[in-house]
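One file, data24.txt, is given below (compact mmCIF, C-alpha atoms).
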# COMPACT_ATOMS: atom_id res chain seq x y z
CA MET A 181 157.20 -14.14 73.09
CA THR A 182 157.07 -17.53 71.48
CA THR A 183 154.19 -19.95 71.26
CA ALA A 184 155.85 -22.01 73.99
CA HIS A 185 155.76 -19.00 76.29
CA VAL A 186 152.06 -18.49 75.60
CA ARG A 187 151.25 -22.15 76.25
CA ALA A 188 153.18 -22.06 79.50
CA GLY A 189 151.38 -18.92 80.59
CA ALA A 190 147.99 -20.42 79.74
CA GLN A 191 148.84 -23.55 81.74
CA VAL A 192 149.93 -21.52 84.78
CA GLY A 193 146.89 -19.21 84.58
CA GLY A 194 144.47 -22.05 83.95
CA VAL A 195 143.04 -20.40 80.83
CA ASN A 196 142.85 -21.15 77.15
CA VAL A 197 145.79 -20.36 74.86
CA ARG A 198 143.58 -18.08 72.76
CA THR A 199 142.78 -16.08 75.92
CA VAL A 200 146.48 -15.39 76.50
CA TRP A 201 146.88 -14.30 72.86
CA ARG A 202 143.96 -11.87 73.34
CA TRP A 203 145.59 -10.48 76.48
CA LEU A 204 148.83 -9.91 74.61
CA ASP A 205 147.00 -8.24 71.73
CA ALA A 206 145.18 -5.87 74.17
CA ALA A 207 148.46 -4.97 75.84
CA ARG A 208 150.15 -4.28 72.49
CA THR A 209 147.32 -2.31 70.83
CA GLU A 210 145.54 -0.67 73.78
CA GLY A 211 148.22 -0.60 76.44
CA ARG A 212 145.79 -2.36 78.76
CA VAL A 213 146.86 -5.17 81.06
CA GLU A 214 143.77 -5.26 83.30
CA ARG A 215 140.27 -6.52 82.64
CA ARG A 216 138.13 -4.25 80.49
CA PRO A 217 135.57 -2.57 82.77
CA ARG A 218 132.03 -3.75 82.11
CA ALA A 219 129.15 -1.33 81.78
CA ARG A 220 127.32 -1.32 85.10
CA LEU A 221 123.59 -0.83 85.37
CA GLU A 222 122.72 1.88 87.90
CA LEU A 223 119.16 2.21 89.21
CA SER A 224 117.89 5.78 89.51
CA ASP A 225 115.88 7.10 92.44
CA GLN A 226 112.77 6.98 90.24
CA MET A 227 113.37 3.28 89.59
CA TRP A 228 113.76 2.60 93.31
CA GLU A 229 110.55 4.50 94.02
CA ALA A 230 108.69 2.44 91.40
CA LEU A 231 110.22 -0.72 92.87
CA ALA A 232 109.07 0.29 96.35
CA GLN A 233 105.55 0.94 95.09
CA ALA A 234 105.59 -2.53 93.51
CA GLY A 235 106.53 -4.09 96.84
CA GLY A 236 110.03 -5.03 95.68
CA ASN A 237 108.76 -6.92 92.62
CA VAL A 238 111.54 -6.59 90.05
CA ALA A 239 109.34 -8.03 87.30
CA ALA A 240 106.77 -5.28 87.96
CA LEU A 241 109.55 -2.69 87.70
CA HIS A 242 110.61 -4.22 84.38
CA ARG A 243 107.03 -3.98 83.05
CA HIS A 244 106.84 -0.37 84.26
CA LEU A 245 110.04 0.53 82.38
CA LYS A 246 108.79 -1.17 79.21
CA ALA A 247 105.51 0.74 79.41
CA ALA A 248 107.42 4.01 79.82
CA GLY A 249 109.33 3.31 76.60
CA GLY A 250 112.97 3.83 75.79
CA GLU A 251 115.89 1.47 76.26
CA VAL A 252 115.03 -1.15 78.89
CA PRO A 253 117.60 -3.48 80.48
CA SER A 254 116.88 -7.17 80.67
CA LEU A 255 115.04 -8.65 83.62
CA ALA A 256 118.15 -10.56 84.67
CA SER A 257 120.21 -7.35 84.65
CA LEU A 258 117.61 -5.64 86.82
CA HIS A 259 117.69 -8.55 89.28
CA ARG A 260 121.48 -8.35 89.50
CA ALA A 261 121.48 -4.56 89.98
CA VAL A 262 118.82 -4.70 92.71
CA ARG A 263 120.57 -7.56 94.50
CA ARG A 264 123.93 -5.77 94.29
CA ASP A 265 122.59 -2.51 95.72
CA LEU A 266 120.67 -4.28 98.49
CA GLN A 267 123.82 -6.14 99.50
CA ALA A 268 125.67 -2.80 99.50
CA GLY A 269 123.25 -1.45 102.12
CA ARG A 270 120.46 0.12 100.07
CA VAL A 271 117.17 -0.10 101.95
CA LEU A 272 113.97 -0.71 100.02
CA PRO A 273 111.10 1.33 101.54
CA ASP A 274 108.10 -0.57 102.80
CA ARG A 275 105.34 -0.87 100.19
CA ALA A 276 102.69 0.55 102.51
CA VAL A 277 104.90 3.51 103.43
CA ALA A 278 105.61 4.30 99.76
CA ARG A 279 101.91 4.07 98.88
CA ARG A 280 100.94 6.29 101.81
CA GLU A 281 103.52 8.93 100.87
CA ARG A 282 102.30 8.92 97.26
CA GLU A 283 98.66 9.28 98.33
CA GLU A 284 99.53 12.08 100.76
CA GLN A 285 101.38 13.95 98.03
CA GLN A 286 98.41 13.57 95.68
CA THR A 287 96.07 14.80 98.41
CA ARG A 288 98.22 17.85 99.14
CA GLN A 289 98.36 18.73 95.45
CA ALA A 290 94.60 18.28 95.06
CA LEU A 291 93.90 20.53 98.04
CA ALA A 292 96.15 23.23 96.65
CA ASP A 293 94.49 22.99 93.21
CA LEU A 294 90.97 23.21 94.64
CA ALA A 295 91.78 26.16 96.89
CA LEU A 296 93.71 28.25 94.37
CA ALA A 297 91.40 27.65 91.39
CA GLY A 298 88.13 29.54 91.05
CA PRO A 299 84.79 27.81 90.42
CA SER A 300 85.08 28.29 86.66
CA GLU A 301 88.57 26.85 86.71
CA ALA A 302 87.68 23.69 88.62
CA GLY A 303 88.04 21.53 85.52
CA ALA A 304 91.34 23.08 84.54
CA ALA A 305 92.60 22.63 88.10
CA LYS A 306 92.59 18.88 87.62
CA VAL A 307 95.19 19.29 84.91
CA ALA A 308 97.14 22.34 86.08
CA ALA A 309 99.66 21.63 88.80
CA LEU A 310 99.52 24.85 90.78
CA ARG A 311 98.04 28.15 89.69
CA LEU A 312 100.04 31.20 90.71
CA PRO A 313 98.80 34.73 90.06
CA ARG A 314 99.79 36.46 86.86
CA LEU A 315 102.01 39.35 87.87
CA VAL A 316 100.65 41.94 85.47
CA PRO A 317 99.07 45.34 86.23
CA GLU A 318 95.73 44.26 84.70
CA ALA A 319 95.38 41.26 87.05
CA THR A 320 92.38 41.26 89.30
CA GLY A 321 92.08 39.80 92.77
CA SER A 322 91.49 40.58 96.39
CA LEU A 323 94.73 42.55 96.64
CA PRO A 324 95.36 45.67 94.54
CA VAL A 325 98.26 45.73 92.14
CA GLY A 326 101.03 48.26 92.55
CA GLU A 327 103.87 49.33 90.30
CA ASN A 328 105.83 46.72 88.32
CA GLY A 329 102.83 44.40 88.56
CA ALA A 330 103.67 43.60 92.18
CA PRO A 331 100.93 42.98 94.76
CA ALA A 332 100.25 45.84 97.11
CA GLY A 333 102.69 45.98 99.99
CA VAL A 334 105.65 44.63 97.99
CA ALA A 335 108.25 47.29 97.20
CA LEU A 336 110.38 46.68 94.11
CA PRO A 337 113.16 48.82 92.58
CA ALA A 338 112.54 50.36 89.19
CA GLY A 339 112.67 47.72 86.47
CA ALA A 340 112.56 44.78 88.88
CA GLN A 341 109.99 42.02 88.59
CA LEU A 342 108.84 39.27 90.93
CA VAL A 343 109.79 35.73 89.94
CA ARG A 344 108.00 32.52 90.85
CA THR A 345 110.70 30.44 92.52
CA SER A 346 110.29 27.00 94.04
CA SER A 347 109.99 28.62 97.48
CA VAL A 348 107.16 30.87 96.28
CA ARG A 349 105.38 27.86 94.80
CA ALA A 350 105.79 25.98 98.09
CA VAL A 351 104.23 28.89 100.00
CA ALA A 352 101.35 29.08 97.51
CA GLU A 353 100.72 25.34 97.88
CA ALA A 354 100.73 25.58 101.68
CA VAL A 355 98.35 28.54 101.62
CA GLY A 356 96.04 26.65 99.25
CA GLN A 357 96.00 23.64 101.58
CA ALA A 358 95.14 25.85 104.56
CA MET A 359 92.30 27.47 102.61
CA ALA A 360 90.93 24.12 101.48
CA THR A 361 90.99 22.56 104.95
CA GLN A 362 90.11 25.72 106.92
CA GLY A 363 93.39 25.32 108.73
CA ALA A 364 96.46 27.37 109.59
CA VAL A 365 99.91 27.55 108.06
CA CYS A 366 103.16 29.08 109.34
CA VAL A 367 105.63 30.61 106.88
CA PHE A 368 109.00 31.01 108.57
CA GLY A 369 112.54 31.95 107.61
CA ASN A 370 115.33 34.42 108.24
CA PRO A 371 114.58 38.16 107.95
CA GLY A 372 114.58 39.56 104.44
CA ARG A 373 114.05 36.24 102.65
CA GLY A 374 110.72 37.30 101.10
CA LYS A 375 108.17 35.58 103.33
CA THR A 376 105.63 38.42 103.18
CA ALA A 377 106.13 38.86 99.43
CA ALA A 378 105.56 35.14 98.84
CA VAL A 379 102.36 35.18 100.88
CA ARG A 380 101.09 38.23 99.00
CA MET A 381 101.84 36.54 95.69
CA ALA A 382 99.95 33.43 96.81
CA LEU A 383 96.92 35.48 97.90
CA HIS A 384 96.99 37.77 94.88
CA ALA A 385 94.49 35.65 92.93
CA VAL A 386 92.24 34.01 95.52
CA PRO A 387 88.95 32.54 94.20
CA PRO A 388 85.89 34.83 93.95
CA GLY A 389 84.08 35.20 97.24
CA TRP A 390 87.21 34.96 99.35
CA LYS A 391 88.49 37.90 101.37
CA VAL A 392 92.00 38.56 102.63
CA THR A 393 92.60 40.40 105.90
CA TRP A 394 96.01 41.39 107.23
CA VAL A 395 96.20 41.73 111.00
CA PRO A 396 99.04 43.87 112.40
CA VAL A 397 100.59 42.54 115.59
CA PRO A 398 100.30 45.16 118.35
CA VAL A 399 103.24 46.19 120.51
CA ARG A 400 103.48 43.96 123.60
CA PRO A 401 100.45 41.97 122.47
CA SER A 402 97.89 40.75 124.96
CA VAL A 403 94.72 38.74 124.42
CA ALA A 404 92.61 41.88 124.72
CA GLY A 405 94.93 43.82 122.39
CA MET A 406 94.95 41.03 119.84
CA ARG A 407 91.15 40.83 119.94
CA ARG A 408 90.99 44.56 119.24
CA ALA A 409 93.56 44.25 116.42
CA VAL A 410 91.51 41.55 114.69
CA PHE A 411 88.30 43.55 115.18
CA ASP A 412 89.85 46.65 113.61
CA ALA A 413 91.47 44.69 110.76
CA LEU A 414 88.11 43.19 109.84
CA ALA A 415 86.67 46.72 109.66
CA LEU A 416 83.54 45.65 111.53
CA ALA A 417 80.71 48.14 111.85
CA GLY A 418 80.09 49.91 115.12
CA ARG A 419 82.28 50.54 118.11
CA PHE A 420 84.45 47.92 119.72
CA PRO A 421 82.31 46.00 122.27
CA HIS A 422 82.99 46.53 125.94
CA THR A 423 82.90 42.82 126.79
CA SER A 424 85.09 40.08 125.40
CA ALA A 425 82.08 37.85 124.73
CA LEU A 426 80.47 40.42 122.42
CA ALA A 427 83.79 41.09 120.68
CA ASP A 428 84.40 37.38 120.16
CA ALA A 429 80.89 36.97 118.76
CA ALA A 430 81.42 39.81 116.27
CA VAL A 431 84.79 38.44 115.16
CA THR A 432 83.46 34.88 114.88
CA GLY A 433 80.57 36.07 112.73
CA ALA A 434 82.94 37.87 110.37
CA LEU A 435 85.23 34.85 110.17
CA SER A 436 82.36 32.59 109.17
CA GLU A 437 82.80 33.91 105.63
CA ALA A 438 85.41 32.59 103.22
CA ARG A 439 88.36 34.58 104.46
CA VAL A 440 92.12 34.32 104.87
CA LEU A 441 93.48 35.92 108.02
CA VAL A 442 97.16 36.83 107.73
CA VAL A 443 99.10 37.70 110.89
CA ASP A 444 102.50 39.12 109.98
CA GLU A 445 105.32 38.88 112.54
CA ALA A 446 103.33 36.25 114.43
CA GLN A 447 106.46 35.10 116.25
CA ARG A 448 105.95 38.03 118.64
CA LEU A 449 102.65 36.61 119.82
CA PRO A 450 102.55 34.70 123.11
CA VAL A 451 100.71 31.38 123.24
CA PRO A 452 97.42 32.83 124.63
CA CYS A 453 97.23 35.29 121.73
CA LEU A 454 97.88 32.53 119.21
CA GLU A 455 95.11 30.44 120.71
This structure in structure tokens:
Amino acid sequence: MTTAHVRAGAQVGGVNVRTVWRWLDAARTEGRVERRPRARLELSDQMWEALAQAGGNVAALHRHLKAAGGEVPSLASLHRAVRRDLQAGRVLPDRAVARREREEQQTRQALADLALAGPSEAGAAKVAALRLPRLVPEATGSLPVGENGAPAGVALPAGAQLVRTSSVRAVAEAVGQAMATQGAVCVFGNPGRGKTAAVRMALHAVPPGWKVTWVPVPVRPSVAGMRRAVFDALALAGRFPHTSALADAAVTGALSEARVLVVDEAQRLPVPCLE
């Protein structure tokens, strides 16, 4: 191509002659005839969460990224990226909703730490995320330890060991919350997924002073049968009372202590028995 061709092309395209020469050079050396793609700033989910907590203030997000260290994009680039994603349909959570979710998460974690840490570990619980029992034969707790370091009631093949998966940690956190708030928790899932094993692992190292009682669900449970099952599981002294009022009083007195009551296969219980 001659210089006249380049000038004519620049005039038709409405660009500078040097721009056309650069296009020709890119086509000859790189084989590229389209615009070079520009690096695009993508905001991570963590950035969007920080932006939501800042009420959509991009400048606050920029200060947060600078405080965290590392490579930080310019404030103008952040504004463009946020505006682009919002125009594409991204929804920025409400500031109050984001703050409430963060506070609820912190509260749940604090409850789990307080419930699963003993009195002497209260200071360490503020730093540790979630304390799970050490699965070793020498561990001590309310539940005896069987072979392979597994809590009693958990059968493992020879050489197998229990592992602390995310599901086990979730069960331990839920149990800790129930203990801290004197509430109830339901662990559910398909048969054979390890629900009972996860609960036993969570209760393997309860704080001193706590007791763990497993209540078997009777066949065709009734309110009277469930009352008797709880009475027997608590190993209360004396014979089972003849009246429901006396039985309820004995059970209530035993449950006034720091105790975890575990009802396995609770899905077989009708509503009156659950109440």
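For the atom pair formed by atom CA of Pro253 of chain A and atom CA of Ala239 of chain A, the distance is 11.6 Å, given to one decimal.
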message = Can you pull out the residues contacting Gly369 of chain A? Cut-off 12 Å, using only C-alpha atoms, and skip same-chain residues under 3 positions away; I want them as a PyMOL selection string.
response = chain A and resi 347+351+366+372-376+378+445+447
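Note that the spacing between atom CA of Met406 of chain A and atom CA of Cys453 of chain A amounts to 6.5 Å.
Distances to Ala360 of chain A were evaluated for A:Val440, A:Leu266, A:Ala335, A:Val348 using all atoms listed in the file, and the minimum falls at A:Val440.
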inquiry  = Measuring between only C-alpha atoms, which one of A:Arg407, A:Ser402, A:His259, A:Gln357 shows the shortest distance to Thr287 of chain A?
reply    = A:Gln357
key: Exercise: Val213 of chain A partners within 10 Å, only C-alpha atoms, chain neighbours under 5 positions left out, as number ranges by chain   = A: 203-208
Leu441 of chain A surroundings by only C-alpha atoms, 12 Å radius, close-in-sequence under 5 positions cut, as an MDAnalysis selection string = chainID A and resid 355 358:359 362:366 379 383 390:396 409:411 413:414 431 434:436 446
inquiry  = Just to confirm, what's the straight-line distance from atom CA of Val262 of chain A to atom CA of Asn237 of chain A in Å (one decimal)?
reply    = 10.3 Å
task = Find the residue from A:Thr361, A:Thr345, A:Thr183, A:Gln191 that sits nearest to Ala438 of chain A; use only C-alpha atoms when measuring.
result =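 Looking only at the distances to Ala438 of chain A, the closest residue turns out to be A:Thr361.
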Centre and size of axis-aligned box enclosing segment 410-416 of chain A plus 6 Å each side, as JSON:
{"center_x": 87.5, "center_y": 44.1, "center_z": 112.4, "size_x": 20.0, "size_y": 17.2, "size_z": 17.5}
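For the set A:Ala382, A:Val186, A:Val397, A:Ala404, the residue with the smallest atom-to-atom gap to Glu353 of chain A is A:Ala382, counting all atoms listed in the file.
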